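S.K.: I'd like to ask some things about the structure below.
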Amino acid sequence: MKALIIGGSGFVGKHLAVHLKTERQWEVAITKLPQETTSQDFLHFDLDILDEAAVQKLLETYRPEVIFHLAAQSSVAFSWKNPQKTVEINILGSLRLLEAIRKIEHYTPRILCIGSAEEYGVPSGELPVREIDSIHPNNPYAITKATQNFFGTLYAKAYDMDIILVRAFNHFGPGQLPQFVLADFCRQVAAIMLGKREPKMEVGNLTVARDFTDVRDVVRAYGMLAISGRKGETYNVGSGRAIRLEELLKRIIAFSGREITVTVDPKRLRKTEVPIIRADIQKLQADTGWSPRYAIDTTLRDTLNDWLEQ
Ligand code: A2R
């Protein structure tokens with residue numbers, strides 16, 4: 001199978017490229033923005049998804065059978081600071097990508113558009129949330145991902161394009177930037193362990209509960225969906241369990257073996273917050289047979305060790 005990962009030098013893209021190449025022996029290429037660096041192990045192309053002509057040219061030349069669309073402005077916090085940029089990349093960029101593919105004659109690749117659990121907002125019904133439940137996006141990032149999902153679903157129906165929509169719940173693991181909560185906790189604890197900072201941590205709201213999955217399990221789900229997902233369908237990708245941030249932080253601190261004082265930094269509190277969410281993953285499991293393999297403690301330890309090495 002020949003795959004192209006768009007946004008391939010991001011956190012998930014790097015893991016996905018390794019998974020597809022080493023565990024599935026697929027032919028893999030990635031795209032990156034010109035200013036981004038990447039591992040030389042993979043064939044890579046510079047690409048800005050806002051440049052529709054460039055997207056079309058690349059696809060006509062490389063002709064991947066599967067396209068994983070991961071390119072995004074992926075930070076909720078940044079989306080509040082710059083909603084226009086977030087809309088530009090996540091909505092307009094996704095649309096230009098879909099348009100570029102649509103305009104290529106006799107070409108129907110499978111496309112996975114990666115959205116987010118943020119699309120659900122505060123669930124109005126029972127937990128876990130199902131793909132058919134109503135969505136209430138409550139931040140600019142969430143609105144852009146919900147719109148991407150609407151366009152993907154529409155294009156699958158209207159143009160018979162082979163598009164699969166994913167709603168990825170929180171994922172973490174080695175290599176994630178500290179703008180994401182567990183990466184930030186592990187970074188701060190690692191710095192304390194290395195004697196680079198006082199044994200004091202600043203955190204946001206610890207009472208929220210989220211559905212966390214190891215990024216290596218997430219990319220395995222993406223690979224399986226690329227094989228056996230159904231066209232035009234949306235799939236939750238998550239563990240199906242919710243865990244409070246307070247509990248996760250407690251575990252990371254316990255791994256460190258240090259006494260650490262934790263204080264809440266008001267600057268880190270979100271304007272709108274979802275108290276608890278977890279995914280219904282029955283559809284994903286029924287269609288692919290996927291289930292997570294990594295225990296959460298393993299991922300926490302791997303992430304902490306990764307920060308200690310950095
Ligand atoms: O913003 P940068 O310089 O980190 O680059 C990001 C890249 N990207 C773009 N690629 C092509 N054309 C653009 N106009 C464009 N703007 C940004 O997409 C980054 O390298 C990549 C996305 O990776 P991350 O930000 O690390 O996200 P992550 O955690 O890998 O999530 C993958 C997907 C995203 O669609 C998330 O919204 C979703 O999973 O949860």
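To be explicit about the labels: the chains of the structure tokens are called A, B, and onward in the order shown, and within each one the residues are counted from 1, while ligands get numbers from 1 in the order they are shown.
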Taking only C-alpha atoms and all ligand atoms into account, report as a ChimeraX atom specification which residues have an atom no farther than 9 Å from an atom of ligand 1.
M.R.: /A:6-15,31-36,46-51,69-75,86,88-90,93,113-118,141,145,166-172,176-177,180
S.K.: Quick check for you: according to DSSP on this backbone, which residues of segment 115-198 of chain A are classed as helix (DSSP H, G or I)? Reply as a PyMOL selection string.
M.R.: chain A and resi 117-120+140-158+181-193
S.K.: Tell me which of A:Val218, A:Ala146, A:Ile30, A:Leu58 sits closest to Ser94 of chain A, counting only C-alpha atoms.
M.R.: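 Comparing A:Val218, A:Ala146, A:Ile30, A:Leu58 against Ser94 of chain A, the winner is A:Ala146.
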S.K.: What's the separation between atom CA of Tyr159 of chain A and atom CA of Gly229 of chain A, in Å to one decimal place?
M.R.: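 That distance, rounded to one decimal, is 18.1 Å.
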S.K.: Between A:Ser256, A:Thr303, A:Gln179, A:Thr153, which residue has the minimum interatomic distance to Tyr235 of chain A, considering only C-alpha atoms?
M.R.: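 Nearest to Tyr235 of chain A: A:Thr153.
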S.K.: I need the residues of segment 54-290 of chain A that end up classed as strand (DSSP E) by DSSP on the backbone, written out as a ChimeraX atom specification.
M.R.: /A:66-69,110-116,162-168,171-172,200-203,209-210,213-214,234-237,243-244,261-264
S.K.: Write the selection just made, keeping N, CA and C atoms, as an mmCIF file, in the first residue's frame?
M.R.:
```
data_model
loop_
_atom_site.group_PDB
_atom_site.id
_atom_site.type_symbol
_atom_site.label_atom_id
_atom_site.label_comp_id
_atom_site.auth_asym_id
_atom_site.auth_seq_id
_atom_site.Cartn_x
_atom_site.Cartn_y
_atom_site.Cartn_z
ATOM 1 N N VAL A 66 -3.608 5.802 -0.148
ATOM 2 C CA VAL A 66 -4.223 6.260 1.099
ATOM 3 C C VAL A 66 -3.601 7.602 1.479
ATOM 4 N N ILE A 67 -4.466 8.548 1.849
ATOM 5 C CA ILE A 67 -3.989 9.863 2.309
ATOM 6 C C ILE A 67 -4.458 10.051 3.745
ATOM 7 N N PHE A 68 -3.523 10.278 4.637
ATOM 8 C CA PHE A 68 -3.874 10.596 6.022
ATOM 9 C C PHE A 68 -3.744 12.114 6.162
ATOM 10 N N HIS A 69 -4.873 12.772 6.401
ATOM 11 C CA HIS A 69 -4.836 14.239 6.507
ATOM 12 C C HIS A 69 -4.741 14.638 7.983
ATOM 13 N N ARG A 110 -8.236 6.558 -0.782
ATOM 14 C CA ARG A 110 -8.904 6.574 0.526
ATOM 15 C C ARG A 110 -8.306 7.739 1.332
ATOM 16 N N ILE A 111 -9.164 8.526 1.946
ATOM 17 C CA ILE A 111 -8.681 9.705 2.692
ATOM 18 C C ILE A 111 -9.182 9.616 4.126
ATOM 19 N N LEU A 112 -8.269 9.681 5.081
ATOM 20 C CA LEU A 112 -8.673 9.770 6.493
ATOM 21 C C LEU A 112 -8.511 11.203 6.947
ATOM 22 N N CYS A 113 -9.616 11.850 7.295
ATOM 23 C CA CYS A 113 -9.562 13.219 7.826
ATOM 24 C C CYS A 113 -9.608 13.138 9.345
ATOM 25 N N ILE A 114 -8.573 13.655 9.977
ATOM 26 C CA ILE A 114 -8.487 13.511 11.434
ATOM 27 C C ILE A 114 -9.132 14.711 12.130
ATOM 28 N N GLY A 115 -10.224 14.434 12.799
ATOM 29 C CA GLY A 115 -10.922 15.447 13.589
ATOM 30 C C GLY A 115 -10.656 15.206 15.063
ATOM 31 N N SER A 116 -11.590 15.651 15.888
ATOM 32 C CA SER A 116 -11.276 15.671 17.319
ATOM 33 C C SER A 116 -12.513 15.464 18.188
ATOM 34 N N ASP A 162 -13.849 8.599 -1.326
ATOM 35 C CA ASP A 162 -13.617 7.544 -0.325
ATOM 36 C C ASP A 162 -13.025 8.158 0.963
ATOM 37 N N ILE A 163 -13.874 8.908 1.658
ATOM 38 C CA ILE A 163 -13.398 9.666 2.825
ATOM 39 C C ILE A 163 -13.888 9.017 4.109
ATOM 40 N N ILE A 164 -12.984 8.923 5.080
ATOM 41 C CA ILE A 164 -13.347 8.448 6.424
ATOM 42 C C ILE A 164 -13.033 9.576 7.402
ATOM 43 N N LEU A 165 -13.944 9.787 8.319
ATOM 44 C CA LEU A 165 -13.779 10.878 9.291
ATOM 45 C C LEU A 165 -13.480 10.285 10.658
ATOM 46 N N VAL A 166 -12.459 10.855 11.298
ATOM 47 C CA VAL A 166 -12.065 10.362 12.628
ATOM 48 C C VAL A 166 -12.326 11.455 13.656
ATOM 49 N N ARG A 167 -12.829 11.053 14.835
ATOM 50 C CA ARG A 167 -12.833 11.974 15.985
ATOM 51 C C ARG A 167 -11.875 11.376 17.009
ATOM 52 N N ALA A 168 -10.688 11.942 17.056
ATOM 53 C CA ALA A 168 -9.655 11.422 17.953
ATOM 54 C C ALA A 168 -9.837 12.040 19.338
ATOM 55 N N HIS A 171 -4.840 12.078 23.037
ATOM 56 C CA HIS A 171 -3.778 11.091 22.919
ATOM 57 C C HIS A 171 -2.466 11.731 23.337
ATOM 58 N N PHE A 172 -1.556 10.904 23.810
ATOM 59 C CA PHE A 172 -0.274 11.436 24.281
ATOM 60 C C PHE A 172 0.773 10.344 24.160
ATOM 61 N N LYS A 200 8.222 22.434 42.444
ATOM 62 C CA LYS A 200 6.907 23.099 42.428
ATOM 63 C C LYS A 200 6.374 23.052 41.007
ATOM 64 N N MET A 201 5.062 22.760 40.884
ATOM 65 C CA MET A 201 4.473 22.704 39.542
ATOM 66 C C MET A 201 3.274 23.624 39.437
ATOM 67 N N GLU A 202 3.100 24.163 38.230
ATOM 68 C CA GLU A 202 1.910 24.971 37.976
ATOM 69 C C GLU A 202 1.031 24.232 36.979
ATOM 70 N N VAL A 203 -0.244 24.139 37.300
ATOM 71 C CA VAL A 203 -1.148 23.361 36.449
ATOM 72 C C VAL A 203 -2.451 24.126 36.228
ATOM 73 N N ALA A 209 -12.039 15.171 33.556
ATOM 74 C CA ALA A 209 -11.705 13.784 33.206
ATOM 75 C C ALA A 209 -11.753 13.630 31.686
ATOM 76 N N ARG A 210 -10.736 12.974 31.149
ATOM 77 C CA ARG A 210 -10.622 12.824 29.699
ATOM 78 C C ARG A 210 -10.327 11.365 29.343
ATOM 79 N N THR A 213 -5.493 8.000 25.267
ATOM 80 C CA THR A 213 -4.976 6.811 24.582
ATOM 81 C C THR A 213 -3.529 7.079 24.184
ATOM 82 N N ASP A 214 -2.716 6.016 24.201
ATOM 83 C CA ASP A 214 -1.333 6.134 23.738
ATOM 84 C C ASP A 214 -1.324 6.431 22.237
ATOM 85 N N THR A 234 -18.042 8.358 10.268
ATOM 86 C CA THR A 234 -17.227 8.986 11.310
ATOM 87 C C THR A 234 -16.933 7.942 12.392
ATOM 88 N N TYR A 235 -15.688 7.925 12.855
ATOM 89 C CA TYR A 235 -15.295 6.969 13.899
ATOM 90 C C TYR A 235 -14.650 7.687 15.085
ATOM 91 N N ASN A 236 -15.128 7.390 16.286
ATOM 92 C CA ASN A 236 -14.403 7.796 17.487
ATOM 93 C C ASN A 236 -13.160 6.927 17.619
ATOM 94 N N VAL A 237 -12.044 7.558 17.991
ATOM 95 C CA VAL A 237 -10.846 6.793 18.347
ATOM 96 C C VAL A 237 -10.448 7.217 19.756
ATOM 97 N N ILE A 243 -10.415 9.379 32.718
ATOM 98 C CA ILE A 243 -9.588 9.451 33.924
ATOM 99 C C ILE A 243 -9.309 10.921 34.236
ATOM 100 N N ARG A 244 -9.349 11.254 35.532
ATOM 101 C CA ARG A 244 -9.166 12.657 35.911
ATOM 102 C C ARG A 244 -7.699 13.057 35.823
ATOM 103 N N THR A 261 5.158 20.223 45.106
ATOM 104 C CA THR A 261 4.007 21.074 45.439
ATOM 105 C C THR A 261 3.307 21.473 44.142
ATOM 106 N N VAL A 262 1.990 21.298 44.121
ATOM 107 C CA VAL A 262 1.225 21.608 42.906
ATOM 108 C C VAL A 262 0.326 22.820 43.170
ATOM 109 N N THR A 263 0.430 23.849 42.306
ATOM 110 C CA THR A 263 -0.472 25.008 42.438
ATOM 111 C C THR A 263 -1.212 25.250 41.122
ATOM 112 N N VAL A 264 -2.443 25.729 41.255
ATOM 113 C CA VAL A 264 -3.240 26.008 40.053
ATOM 114 C C VAL A 264 -2.911 27.413 39.558
#
```
S.K.: Using only C-alpha atoms, which residues sit within 8 Å of Lys2 of chain A once same-chain residues fewer than 4 positions away are excluded, as a VMD selection string?
M.R.: chain A and resid 26 to 28 64 to 66
S.K.: Which residue, A:Thr37, A:Val55, A:Leu4, A:Ile91, has the smallest gap to Asn149 of chain A when you use only C-alpha atoms?
M.R.: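 The closest residue to Asn149 of chain A is A:Ile91.
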S.K.: Between A:Asp297, A:Val87, A:Gln285, A:Glu246, which is the closest to Gly204 of chain A once you count only C-alpha atoms?
M.R.: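 Answer, going by the shortest atom-to-atom distance: A:Glu246.
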S.K.: Using only C-alpha atoms, which of the listed residues (A:Tyr294, A:Tyr120, A:Phe185, A:Tyr62) sits closest to Ala142 of chain A?
M.R.: A:Tyr120
S.K.: Just give me the gap between atom CA of Trp307 of chain A and atom CA of Arg197 of chain A in Å, one decimal is fine.
M.R.: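 Between these atoms lies a distance of 13.9 Å.
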S.K.: Select, from A:Leu95, A:Leu225, A:Ala3, A:Ala191, the residue with the minimum atom-to-atom distance to Ala286 of chain A, counting only C-alpha atoms.
M.R.: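 The closest residue to Ala286 of chain A is A:Leu225.
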S.K.: If you count only C-alpha atoms, which residues fall within 12 Å of Asn138 of chain A, apart from same-chain ones fewer than 6 positions away, as a tab-separated table (two decimals) with all heavy atoms, in the first residue's frame?
M.R.:
```tsv
chain	number	residue	atom	x	y	z
A	76	VAL	N	-5.99	24.12	20.97
A	76	VAL	CA	-7.21	24.84	21.38
A	76	VAL	C	-6.83	26.24	21.90
A	76	VAL	O	-7.46	27.24	21.54
A	76	VAL	CB	-7.96	24.05	22.48
A	76	VAL	CG1	-9.12	24.88	23.05
A	76	VAL	CG2	-8.49	22.73	21.92
A	79	SER	N	-6.13	28.55	19.22
A	79	SER	CA	-7.33	28.87	18.44
A	79	SER	C	-8.13	30.02	19.06
A	79	SER	O	-8.83	30.73	18.35
A	79	SER	CB	-8.22	27.63	18.26
A	79	SER	OG	-9.02	27.37	19.39
A	80	TRP	N	-8.02	30.20	20.37
A	80	TRP	CA	-8.64	31.37	21.00
A	80	TRP	C	-7.86	32.63	20.66
A	80	TRP	O	-8.44	33.70	20.44
A	80	TRP	CB	-8.67	31.22	22.53
A	80	TRP	CG	-9.70	30.27	23.05
A	80	TRP	CD1	-9.49	29.05	23.63
A	80	TRP	CD2	-11.13	30.44	23.04
A	80	TRP	NE1	-10.67	28.46	23.99
A	80	TRP	CE2	-11.71	29.30	23.64
A	80	TRP	CE3	-11.98	31.46	22.58
A	80	TRP	CZ2	-13.08	29.15	23.80
A	80	TRP	CZ3	-13.35	31.30	22.74
A	80	TRP	CH2	-13.89	30.15	23.35
A	117	ALA	N	-12.29	14.90	19.37
A	117	ALA	CA	-13.36	14.78	20.38
A	117	ALA	C	-13.86	16.16	20.79
A	117	ALA	O	-14.98	16.29	21.28
A	117	ALA	CB	-12.83	14.05	21.61
A	118	GLU	N	-13.03	17.19	20.58
A	118	GLU	CA	-13.45	18.56	20.89
A	118	GLU	C	-14.74	18.92	20.16
A	118	GLU	O	-15.48	19.79	20.59
A	118	GLU	CB	-12.36	19.56	20.52
A	118	GLU	CG	-11.12	19.52	21.40
A	118	GLU	CD	-11.34	20.14	22.77
A	118	GLU	OE1	-12.30	20.92	22.92
A	118	GLU	OE2	-10.58	19.83	23.69
A	119	GLU	N	-14.99	18.25	19.02
A	119	GLU	CA	-16.22	18.54	18.26
A	119	GLU	C	-17.47	18.33	19.11
A	119	GLU	O	-18.47	19.01	18.92
A	119	GLU	CB	-16.29	17.62	17.03
A	119	GLU	CG	-15.23	17.91	16.00
A	119	GLU	CD	-15.15	16.84	14.92
A	119	GLU	OE1	-16.19	16.38	14.43
A	119	GLU	OE2	-14.02	16.45	14.57
A	120	TYR	N	-17.44	17.40	20.04
A	120	TYR	CA	-18.63	17.10	20.86
A	120	TYR	C	-18.95	18.21	21.85
A	120	TYR	O	-20.10	18.39	22.21
A	120	TYR	CB	-18.44	15.78	21.63
A	120	TYR	CG	-18.46	14.56	20.74
A	120	TYR	CD1	-17.31	13.80	20.53
A	120	TYR	CD2	-19.63	14.17	20.10
A	120	TYR	CE1	-17.32	12.68	19.71
A	120	TYR	CE2	-19.66	13.05	19.27
A	120	TYR	CZ	-18.50	12.31	19.09
A	120	TYR	OH	-18.53	11.21	18.27
A	121	GLY	N	-17.94	18.93	22.33
A	121	GLY	CA	-18.17	19.91	23.40
A	121	GLY	C	-18.65	19.20	24.65
A	121	GLY	O	-18.23	18.08	24.94
A	122	VAL	N	-19.58	19.84	25.38
A	122	VAL	CA	-20.15	19.18	26.56
A	122	VAL	C	-21.24	18.23	26.08
A	122	VAL	O	-22.23	18.67	25.49
A	122	VAL	CB	-20.76	20.20	27.55
A	122	VAL	CG1	-21.36	19.49	28.75
A	122	VAL	CG2	-19.71	21.20	27.99
A	123	PRO	N	-21.04	16.92	26.29
A	123	PRO	CA	-22.02	15.96	25.78
A	123	PRO	C	-23.40	16.23	26.38
A	123	PRO	O	-23.53	16.45	27.58
A	123	PRO	CB	-21.48	14.61	26.24
A	123	PRO	CG	-20.04	14.84	26.53
A	123	PRO	CD	-19.92	16.26	26.98
A	144	THR	N	-13.73	24.37	13.92
A	144	THR	CA	-13.06	24.07	12.65
A	144	THR	C	-13.04	22.57	12.37
A	144	THR	O	-13.22	22.14	11.23
A	144	THR	CB	-11.61	24.61	12.61
A	144	THR	OG1	-10.81	23.93	13.59
A	144	THR	CG2	-11.55	26.10	12.82
A	145	LYS	N	-12.87	21.77	13.42
A	145	LYS	CA	-12.82	20.32	13.20
A	145	LYS	C	-14.22	19.77	12.89
A	145	LYS	O	-14.37	18.84	12.10
A	145	LYS	CB	-12.21	19.63	14.42
A	145	LYS	CG	-10.71	19.84	14.54
A	145	LYS	CD	-9.98	19.11	13.42
A	145	LYS	CE	-8.50	19.40	13.38
A	145	LYS	NZ	-7.76	18.56	12.45
A	146	ALA	N	-15.24	20.36	13.52
A	146	ALA	CA	-16.61	19.95	13.20
A	146	ALA	C	-16.93	20.28	11.74
A	146	ALA	O	-17.56	19.49	11.03
A	146	ALA	CB	-17.60	20.65	14.14
A	270	ARG	N	-9.13	27.08	31.12
A	270	ARG	CA	-9.78	27.34	29.83
A	270	ARG	C	-11.04	28.16	29.99
A	270	ARG	O	-11.72	28.07	31.00
A	270	ARG	CB	-10.14	26.00	29.18
A	270	ARG	CG	-8.97	25.32	28.53
A	270	ARG	CD	-9.50	24.21	27.66
A	270	ARG	NE	-8.42	23.49	27.02
A	270	ARG	CZ	-8.61	22.51	26.14
A	270	ARG	NH1	-9.82	22.14	25.82
A	270	ARG	NH2	-7.59	21.91	25.59
A	271	LYS	N	-11.35	28.92	28.93
A	271	LYS	CA	-12.55	29.77	28.97
A	271	LYS	C	-13.82	28.93	29.08
A	271	LYS	O	-14.75	29.26	29.77
A	271	LYS	CB	-12.62	30.61	27.70
A	271	LYS	CG	-11.55	31.67	27.61
A	271	LYS	CD	-11.77	32.52	26.36
A	271	LYS	CE	-10.71	33.58	26.23
A	271	LYS	NZ	-9.36	33.05	26.02
A	272	THR	N	-13.86	27.84	28.33
A	272	THR	CA	-15.00	26.92	28.42
A	272	THR	C	-14.41	25.55	28.62
A	272	THR	O	-13.41	25.20	27.99
A	272	THR	CB	-15.83	26.93	27.12
A	272	THR	OG1	-14.94	26.71	26.02
A	272	THR	CG2	-16.57	28.24	26.93
A	273	GLU	N	-14.97	24.80	29.50
A	273	GLU	CA	-14.35	23.52	29.85
A	273	GLU	C	-15.38	22.40	29.84
A	273	GLU	O	-16.52	22.58	30.29
A	273	GLU	CB	-13.71	23.64	31.25
A	273	GLU	CG	-12.85	22.50	31.65
A	273	GLU	CD	-11.54	22.43	30.87
A	273	GLU	OE1	-11.53	21.78	29.81
A	273	GLU	OE2	-10.53	22.99	31.32
A	274	VAL	N	-14.99	21.26	29.30
A	274	VAL	CA	-15.85	20.08	29.31
A	274	VAL	C	-15.45	19.26	30.54
A	274	VAL	O	-14.30	18.84	30.64
A	274	VAL	CB	-15.61	19.26	28.02
A	274	VAL	CG1	-16.44	17.98	28.03
A	274	VAL	CG2	-15.91	20.10	26.79
```
S.K.: For a test of reading the model, state the distance in Å between atom CA of Val215 of chain A and atom CA of Leu269 of chain A, rounded to one decimal.
M.R.: 24.6 Å
